[in-house]
>>> print(open('protein.txt').read())   # compact mmCIF, C-alpha atoms and all ligand atoms
# COMPACT_ATOMS: atom_id res chain seq x y z
CA MET A 147 -22.58 78.48 -16.41
CA LYS A 148 -19.59 80.61 -17.38
CA PHE A 149 -19.93 83.06 -20.27
CA PHE A 150 -17.05 83.53 -22.69
CA VAL A 151 -17.21 85.86 -25.69
CA ASP A 152 -16.05 84.53 -29.05
CA THR A 153 -14.27 87.48 -30.65
CA ALA A 154 -10.92 89.27 -30.97
CA ASP A 155 -12.60 92.69 -31.13
CA THR A 156 -11.23 94.44 -28.03
CA ALA A 157 -13.85 97.23 -28.09
CA GLU A 158 -16.63 94.61 -27.91
CA ILE A 159 -14.77 92.71 -25.18
CA THR A 160 -14.29 95.88 -23.10
CA GLU A 161 -17.99 96.73 -23.38
CA LEU A 162 -19.15 93.25 -22.36
CA ALA A 163 -16.56 92.98 -19.58
CA ALA A 164 -18.08 96.13 -18.03
CA THR A 165 -21.28 94.15 -17.30
CA GLY A 166 -19.30 92.00 -14.87
CA LEU A 167 -20.78 88.90 -16.53
CA LEU A 168 -17.88 87.93 -18.76
CA ASP A 169 -15.75 85.02 -17.55
CA GLY A 170 -13.36 84.56 -20.47
CA VAL A 171 -12.67 84.97 -24.19
CA THR A 172 -12.15 82.59 -27.10
CA THR A 173 -10.38 83.49 -30.32
CA ASN A 174 -9.48 81.49 -33.40
CA PRO A 175 -7.40 82.27 -36.52
CA SER A 176 -10.50 83.46 -38.43
CA LEU A 177 -11.42 85.90 -35.65
CA ILE A 178 -7.83 87.19 -35.55
CA GLN A 179 -7.99 87.73 -39.31
CA LYS A 180 -11.30 89.59 -38.88
CA ALA A 181 -9.77 91.84 -36.19
CA GLY A 182 -6.94 92.69 -38.61
CA ARG A 183 -4.37 93.03 -35.82
CA ASP A 184 -1.11 91.41 -34.76
CA PHE A 185 -1.97 88.09 -33.04
CA ILE A 186 0.33 88.39 -30.02
CA GLU A 187 -0.49 92.04 -29.49
CA VAL A 188 -4.26 91.49 -29.54
CA VAL A 189 -4.07 88.43 -27.24
CA ARG A 190 -1.99 90.46 -24.76
CA GLU A 191 -4.54 93.26 -24.82
CA ILE A 192 -7.49 90.88 -24.33
CA CYS A 193 -5.70 89.20 -21.39
CA GLY A 194 -5.45 92.61 -19.76
CA ILE A 195 -9.17 93.29 -20.17
CA VAL A 196 -10.53 89.93 -18.95
CA PRO A 197 -8.81 88.12 -16.07
CA GLY A 198 -10.37 84.75 -16.99
CA PRO A 199 -9.09 82.27 -19.61
CA VAL A 200 -8.30 83.71 -23.04
CA SER A 201 -7.97 81.03 -25.72
CA ALA A 202 -5.26 81.53 -28.35
CA GLU A 203 -4.99 78.88 -31.05
CA VAL A 204 -1.86 77.25 -32.43
CA VAL A 205 -1.68 76.89 -36.22
CA ALA A 206 1.05 74.25 -36.56
CA LEU A 207 -0.27 70.79 -37.35
CA ASP A 208 2.57 68.73 -35.86
CA HIS A 209 3.29 68.21 -32.17
CA ASP A 210 6.74 69.87 -32.18
CA GLY A 211 5.42 72.91 -34.02
CA MET A 212 2.43 73.16 -31.67
CA MET A 213 4.73 73.00 -28.64
CA ARG A 214 6.93 75.76 -30.10
CA GLU A 215 3.92 78.01 -30.73
CA ALA A 216 2.40 77.22 -27.33
CA GLU A 217 5.67 78.20 -25.67
CA ILE A 218 5.43 81.65 -27.27
CA LEU A 219 1.71 82.06 -26.55
CA ARG A 220 1.81 81.02 -22.91
CA LYS A 221 4.43 83.67 -22.18
CA VAL A 222 2.03 86.41 -23.33
CA ALA A 223 0.05 86.35 -20.06
CA ASP A 224 -0.83 84.03 -17.16
CA ASN A 225 -4.44 83.71 -18.32
CA VAL A 226 -3.66 82.48 -21.83
CA CYS A 227 -5.30 79.13 -22.59
CA ILE A 228 -3.63 77.25 -25.45
CA LYS A 229 -6.13 76.09 -28.04
CA VAL A 230 -5.23 72.96 -30.00
CA PRO A 231 -7.23 71.08 -32.64
CA LEU A 232 -8.70 67.67 -31.93
CA THR A 233 -6.11 65.61 -33.78
CA ILE A 234 -3.57 63.04 -32.58
CA ASP A 235 -0.85 65.71 -32.53
CA GLY A 236 -3.24 68.17 -30.88
CA LEU A 237 -4.01 65.72 -28.08
CA LYS A 238 -0.33 64.81 -27.67
CA THR A 239 0.31 68.52 -27.23
CA CYS A 240 -2.64 68.81 -24.84
CA LYS A 241 -1.23 66.01 -22.68
CA ALA A 242 2.24 67.59 -22.57
CA LEU A 243 0.97 71.10 -21.80
CA SER A 244 -1.63 70.08 -19.23
CA SER A 245 0.88 67.87 -17.39
CA ASP A 246 2.95 71.02 -17.11
CA GLY A 247 0.06 73.01 -15.59
CA THR A 248 -0.84 74.96 -18.74
CA MET A 249 -4.55 75.54 -19.53
CA VAL A 250 -5.58 73.83 -22.77
CA ASN A 251 -8.76 74.19 -24.83
CA VAL A 252 -9.24 71.36 -27.32
CA THR A 253 -11.18 72.74 -30.26
CA LEU A 254 -13.10 71.47 -33.30
CA CYS A 255 -14.79 68.63 -31.41
CA PHE A 256 -17.65 66.99 -33.28
CA SER A 257 -18.13 63.66 -31.49
CA ALA A 258 -18.51 62.41 -27.93
CA ASN A 259 -15.64 59.97 -28.45
CA GLN A 260 -13.38 62.88 -29.41
CA ALA A 261 -14.45 64.61 -26.18
CA LEU A 262 -13.60 61.46 -24.22
CA LEU A 263 -10.09 61.48 -25.73
CA ALA A 264 -9.61 65.17 -24.88
CA ALA A 265 -10.59 64.54 -21.24
CA LYS A 266 -8.13 61.65 -21.05
CA ALA A 267 -5.47 64.00 -22.44
CA GLY A 268 -6.11 66.35 -19.50
CA ALA A 269 -7.83 69.19 -21.40
CA SER A 270 -9.06 72.09 -19.27
CA PHE A 271 -11.82 72.72 -21.82
CA ILE A 272 -13.39 70.73 -24.65
CA SER A 273 -15.03 72.83 -27.38
CA PRO A 274 -17.86 71.00 -29.19
CA PHE A 275 -19.07 73.17 -32.11
CA VAL A 276 -22.88 73.01 -31.92
CA GLY A 277 -23.72 75.44 -34.75
CA ARG A 278 -21.45 73.78 -37.30
CA HIS A 279 -22.76 70.39 -36.13
CA ASP A 280 -26.37 71.51 -36.73
CA ASP A 281 -25.35 72.91 -40.15
CA VAL A 282 -24.51 69.45 -41.49
CA GLY A 283 -27.68 67.81 -40.19
CA PHE A 284 -26.54 66.52 -36.79
CA ASP A 285 -27.97 67.50 -33.41
CA GLY A 286 -25.44 69.76 -31.70
CA MET A 287 -27.30 69.73 -28.40
CA GLN A 288 -27.42 65.94 -28.30
CA LEU A 289 -23.62 66.03 -28.60
CA ILE A 290 -23.44 68.27 -25.51
CA ALA A 291 -25.78 65.98 -23.58
CA ASP A 292 -23.72 62.89 -24.51
CA ILE A 293 -20.47 64.56 -23.43
CA ARG A 294 -22.09 65.65 -20.13
CA THR A 295 -23.12 62.03 -19.43
CA ILE A 296 -19.66 60.66 -20.23
CA TYR A 297 -17.79 63.27 -18.20
CA ASP A 298 -20.12 62.72 -15.22
CA ASN A 299 -19.76 58.92 -15.49
CA TYR A 300 -16.02 59.20 -14.95
CA ASP A 301 -15.78 62.44 -12.97
CA PHE A 302 -13.58 64.12 -15.57
CA GLY A 303 -12.54 67.65 -14.62
CA THR A 304 -12.52 68.86 -18.24
CA GLU A 305 -15.06 71.66 -18.67
CA ILE A 306 -17.58 71.48 -21.51
CA LEU A 307 -17.25 74.76 -23.44
CA VAL A 308 -20.13 74.95 -25.91
CA ALA A 309 -18.78 76.66 -29.04
CA SER A 310 -20.15 77.76 -32.40
CA VAL A 311 -23.18 79.14 -30.58
CA ARG A 312 -25.49 80.86 -33.06
CA HIS A 313 -28.54 82.00 -31.06
CA PRO A 314 -30.01 82.29 -27.53
CA VAL A 315 -31.71 78.86 -27.74
CA HIS A 316 -28.26 77.25 -27.95
CA VAL A 317 -27.40 79.04 -24.68
CA LEU A 318 -30.66 77.97 -23.00
CA GLU A 319 -30.27 74.33 -24.03
CA SER A 320 -26.61 74.30 -22.93
CA ALA A 321 -27.60 75.59 -19.48
CA LYS A 322 -30.39 73.00 -19.16
CA ILE A 323 -27.95 70.20 -20.00
CA GLY A 324 -25.42 71.54 -17.50
CA ALA A 325 -22.59 72.61 -19.81
CA ASP A 326 -19.87 74.38 -17.84
CA VAL A 327 -19.21 77.23 -20.26
CA MET A 328 -20.59 78.67 -23.46
CA THR A 329 -18.79 80.97 -25.87
CA ALA A 330 -20.85 83.14 -28.19
CA PRO A 331 -20.39 86.11 -30.51
CA PRO A 332 -21.11 89.51 -28.87
CA ALA A 333 -24.46 89.85 -30.66
CA VAL A 334 -25.74 86.58 -29.20
CA ILE A 335 -24.68 87.59 -25.68
CA ARG A 336 -26.42 90.95 -26.08
CA ALA A 337 -29.58 89.22 -27.32
CA LEU A 338 -29.77 87.32 -24.01
CA PHE A 339 -30.57 90.55 -22.17
CA ASN A 340 -33.54 91.43 -24.36
CA HIS A 341 -37.23 90.62 -24.09
CA PRO A 342 -40.01 92.67 -25.71
CA LEU A 343 -42.13 92.46 -22.54
CA THR A 344 -39.27 93.89 -20.46
CA GLU A 345 -39.06 96.87 -22.82
CA LYS A 346 -42.86 97.27 -22.91
CA GLY A 347 -43.00 97.05 -19.10
CA ILE A 348 -40.36 99.78 -18.69
CA GLN A 349 -42.23 102.09 -21.06
CA GLY A 350 -45.52 101.51 -19.18
CA PHE A 351 -43.98 102.14 -15.76
CA LEU A 352 -42.22 105.29 -16.99
CA ALA A 353 -45.44 106.67 -18.47
CA ASP A 354 -47.33 106.12 -15.19
CA TRP A 355 -44.43 107.50 -13.14
CA ALA A 356 -44.43 110.70 -15.21
CA LYS A 357 -48.10 111.20 -14.26
CA THR A 358 -47.19 111.24 -10.54
CA GLY A 359 -45.01 114.32 -11.08
CA GLN A 360 -42.52 112.89 -8.56
CA LYS A 361 -38.72 112.59 -8.64
CA ILE A 362 -36.39 110.26 -6.76
CA GLY A 363 -33.85 112.33 -4.86
C1 LIG B 401 -14.77 78.47 -30.49
O1 LIG B 401 -13.81 78.53 -29.74
C2 LIG B 401 -14.77 78.92 -31.88
O2 LIG B 401 -13.95 80.07 -31.97
C3 LIG B 401 -16.11 79.33 -32.39
O3 LIG B 401 -17.13 79.13 -31.45
C4 LIG B 401 -16.41 78.94 -33.79
O4 LIG B 401 -17.70 79.37 -34.12
P1 LIG B 401 -18.25 79.48 -35.63
O5 LIG B 401 -18.73 78.14 -36.04
O6 LIG B 401 -19.37 80.48 -35.52
O7 LIG B 401 -17.09 79.95 -36.48
>>> encode(input="protein.txt", output="structure tokens", more="lines below")
Ligand code: E4P
Amino acid sequence: MKFFVDTADTAEITELAATGLLDGVTTNPSLIQKAGRDFIEVVREICGIVPGPVSAEVVALDHDGMMREAEILRKVADNVCIKVPLTIDGLKTCKALSSDGTMVNVTLCFSANQALLAAKAGASFISPFVGRHDDVGFDGMQLIADIRTIYDNYDFGTEILVASVRHPVHVLESAKIGADVMTAPPAVIRALFNHPLTEKGIQGFLADWAKTGQKIG
């Protein structure tokens, strides 16, 4: 499963990229607002840090406007992935861009039928929002499982990018279902490394090692 980080904070991205485990980045207008930086400038910088797909979202709601914005965004770097909302105009834009060889991430997906439409429109990625789905009383993970079944039934190449990930269990369940990608905030990715028994084990080994009086090298 590929790991994307869901942030526009370039310091966080640089730190996580240094682990060698980061495959891409997702941003959205709220994350750009939180970063407090010029949109194009920050996307360009992120594309230079991570060679994988970097999602940058259009804000126009009509097809022509989305195409105009996508034209500007895709010139920023070769690894920009245009993010469009799951609307009729968004999918029209997805079809046009993907037919032209541009990577497209269809965002704000909340049903398996929406994911089916995005795949038919040639999306590179579909982003089902599991956390927001759970928030309103639906089962986000069931949505991922349903999309996996549908995409496998028809051999769609669209990658399932689990979004709105809130905690490590979302990551675990996504991996068990066979999602292609997950995108999570930096804190959730960091939490994946931790286990209290790992920490306790290190402390125990170090204490015993100190008693040997030895050094390596
Ligand atoms: C995905 O691309 C979105 O940016 C993101 O996962 C939204 O997550 P949120 O529900 O935590 O805002």
>>> atom_distance(input="protein.txt", atom1="atom CA of A:Asn225", atom2="atom CA of A:Leu207")
23.4 Å
>>> atom_distance(input="protein.txt", atom1="atom CA of A:Asp354", atom2="atom CA of A:Asn340")
22.1 Å
>>> closest_atom_pairs(input="protein.txt", of="chain A", to="ligand LIG 401 (chain B)", cutoff="9 Å", atoms="all atoms listed in the file", output="tab-separated table")
residue	atom	partner	partner_atom	distance
A:Val151	CA	B:LIG401	O3	8.9
A:Asp152	CA	B:LIG401	O2	5.7
A:Thr153	CA	B:LIG401	O2	7.5
A:Val171	CA	B:LIG401	O1	8.6
A:Thr172	CA	B:LIG401	O1	5.1
A:Thr173	CA	B:LIG401	O2	5.2
A:Asn174	CA	B:LIG401	O2	4.9
A:Pro175	CA	B:LIG401	O2	8.3
A:Ser176	CA	B:LIG401	O7	7.7
A:Leu177	CA	B:LIG401	O2	7.3
A:Ser201	CA	B:LIG401	O1	7.5
A:Glu203	CA	B:LIG401	O1	8.9
A:Lys229	CA	B:LIG401	O1	8.2
A:Asn251	CA	B:LIG401	O1	8.3
A:Val252	CA	B:LIG401	O1	8.8
A:Thr253	CA	B:LIG401	O1	6.4
A:Leu254	CA	B:LIG401	C1	7.7
A:Ser273	CA	B:LIG401	O1	6.3
A:Pro274	CA	B:LIG401	C1	8.2
A:Phe275	CA	B:LIG401	O3	6.3
A:Val276	CA	B:LIG401	O5	7.8
A:Gly277	CA	B:LIG401	O5	5.8
A:Arg278	CA	B:LIG401	O5	5.3
A:His279	CA	B:LIG401	O5	8.7
A:Leu307	CA	B:LIG401	O1	8.1
A:Val308	CA	B:LIG401	O3	7.6
A:Ala309	CA	B:LIG401	O3	3.8
A:Ser310	CA	B:LIG401	O4	3.4
A:Val311	CA	B:LIG401	O3	6.1
A:Arg312	CA	B:LIG401	O6	6.6
A:Met328	CA	B:LIG401	O3	8.7
A:Thr329	CA	B:LIG401	O3	6.1
A:Ala330	CA	B:LIG401	O3	6.4
A:Pro331	CA	B:LIG401	O6	7.6
>>> atom_distance(input="protein.txt", atom1="atom CA of A:Ser245", atom2="atom CA of A:Val205")
21.0 Å
>>> closest_residue(input="protein.txt", among="A:Phe150, A:Ile293, A:Phe256, A:Asp184", to="A:Asp281", atoms="only C-alpha atoms")
A:Phe256
>>> residues_around(input="protein.txt", residues="A:Ala157", least_positions_apart="4", cutoff="12 Å", atoms="all atoms listed in the file", output="mmCIF file with C-alpha atoms, in the coordinates of the input")
data_model
loop_
_atom_site.group_PDB
_atom_site.id
_atom_site.type_symbol
_atom_site.label_atom_id
_atom_site.label_comp_id
_atom_site.auth_asym_id
_atom_site.auth_seq_id
_atom_site.Cartn_x
_atom_site.Cartn_y
_atom_site.Cartn_z
ATOM 1 C CA THR A 153 -14.270 87.480 -30.650
ATOM 2 C CA GLU A 161 -17.990 96.730 -23.380
ATOM 3 C CA LEU A 162 -19.150 93.250 -22.360
ATOM 4 C CA ALA A 163 -16.560 92.980 -19.580
ATOM 5 C CA ALA A 164 -18.080 96.130 -18.030
ATOM 6 C CA ALA A 181 -9.770 91.840 -36.190
ATOM 7 C CA VAL A 188 -4.260 91.490 -29.540
ATOM 8 C CA GLU A 191 -4.540 93.260 -24.820
ATOM 9 C CA ILE A 192 -7.490 90.880 -24.330
ATOM 10 C CA ILE A 195 -9.170 93.290 -20.170
ATOM 11 C CA PRO A 332 -21.110 89.510 -28.870
#
>>> residues_around(input="protein.txt", residues="stretch 296-306 of chain A", least_positions_apart="3", cutoff="6 Å", atoms="only C-alpha atoms", output="ChimeraX atom specification")
/A:265,269-272,293,325-326
>>> closest_residue(input="protein.txt", among="A:Val230, A:Val334, A:Ala321, A:Cys255", to="A:Ala206", atoms="all atoms listed in the file")
A:Val230
>>> closest_residue(input="protein.txt", among="A:Ile186, A:Val315, A:Val200, A:Cys240", to="A:Met212", atoms="all atoms listed in the file")
A:Cys240
